[in-house]
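> The structure's right below; bear with me while I get my questions together.
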Amino acid sequence: MTSSFALAGANVLVAGATGGLGSRFVSQLVAAGAHVTAVGRDHGRLEALDLPAGHTLALDLRLPNACVAAVDAAAG
């Protein structure tokens with residue numbers, strides 16, 4: 001699949017990264033060269049993503065201030 005925009009070097013936050021679609025998004029973004037911050041509630045499933053070009057953050061985005069923490073982690 002070809003992309004109409006470049007992702008190499010881009011910082012990308014994926015919420016719901018431990019789910020079926022989220023984990024596929026993470027894989028595709030990493031393959032495209034993006035720096036991925038994968039966010040999900042299940043720490044074990046986040047570790048299973050084995051991100052070489054990003055990192056993981058175990059958070060429940062339904063909680064107050066969790067969204068701010070996720071964006072700060074992705075930006076930092």
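Each chain of the structure tokens is named A, B, ... in the order shown, its residues numbered from 1; ligands are numbered from 1 in display order.
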Write down as a list in words the residues belonging to chain A that are assigned alpha helix (DSSP H) by DSSP computed on the backbone.
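The alpha helix (DSSP H) residues within chain A come out as Gly20, Leu21, Gly22, Ser23, Arg24, Phe25, Val26, Ser27, Gln28, Leu29, Val30, Ala31, His43, Gly44, Arg45, Leu46, Glu47, Ala48, Ala66, Cys67, Val68, Ala69, Ala70, Val71, Asp72, Ala73, Ala74 and Ala75 of chain A.
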> Excluding same-chain residues fewer than 3 positions from A:Asp50, what lies within 12 Å of it counting only C-alpha atoms, as a count of residues only?
18
> What does the distance from atom CA of A:Gly40 to atom CA of A:Ala70 come to in Å, to one decimal?
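A separation of 10.0 Å between them.
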> Using only C-alpha atoms, find the one residue out of A:Ala31, A:Ala48, A:Val68, A:Ala74 that sits nearest to A:Asn11.
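Of all the options, A:Ala74 lies closest to A:Asn11.
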> Given the choices A:Ala34, A:Ala69, A:Gln28, A:Leu61, which gets closest to A:Ala15 if the distance is worked out from only C-alpha atoms?
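Once distances to A:Ala15 are computed over only C-alpha atoms, the minimum belongs to A:Leu61.
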> Restricting the calculation to only C-alpha atoms: of A:Gly16, A:Leu51, A:Arg41, A:Gly76, which residue gets closest to A:Leu63?
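Result for the nearest residue to A:Leu63: A:Arg41.
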> What separation in Å, quoted to one decimal, exists between atom CA of A:Ala75 and atom CA of A:Leu7?
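Computing the Euclidean distance for atom CA of A:Ala75 and atom CA of A:Leu7 yields 15.5 Å.
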> Would you mind reading off the distance between atom CA of A:Val39 and atom CA of A:Gly20, one decimal, in Å?
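Atom CA of A:Gly20 lies 13.3 Å from atom CA of A:Val39.
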> Return the single residue from A:Leu49, A:Leu59, A:Pro64, A:Asp72 that is closest to A:Gly22, with distances computed using only C-alpha atoms.
A:Leu49
> Taking only chain A into account, list the residues labelled strand (DSSP E or B) by DSSP (computed from the backbone), as a VMD selection string.
chain A and resid 11 to 15 35 to 40 54 to 58
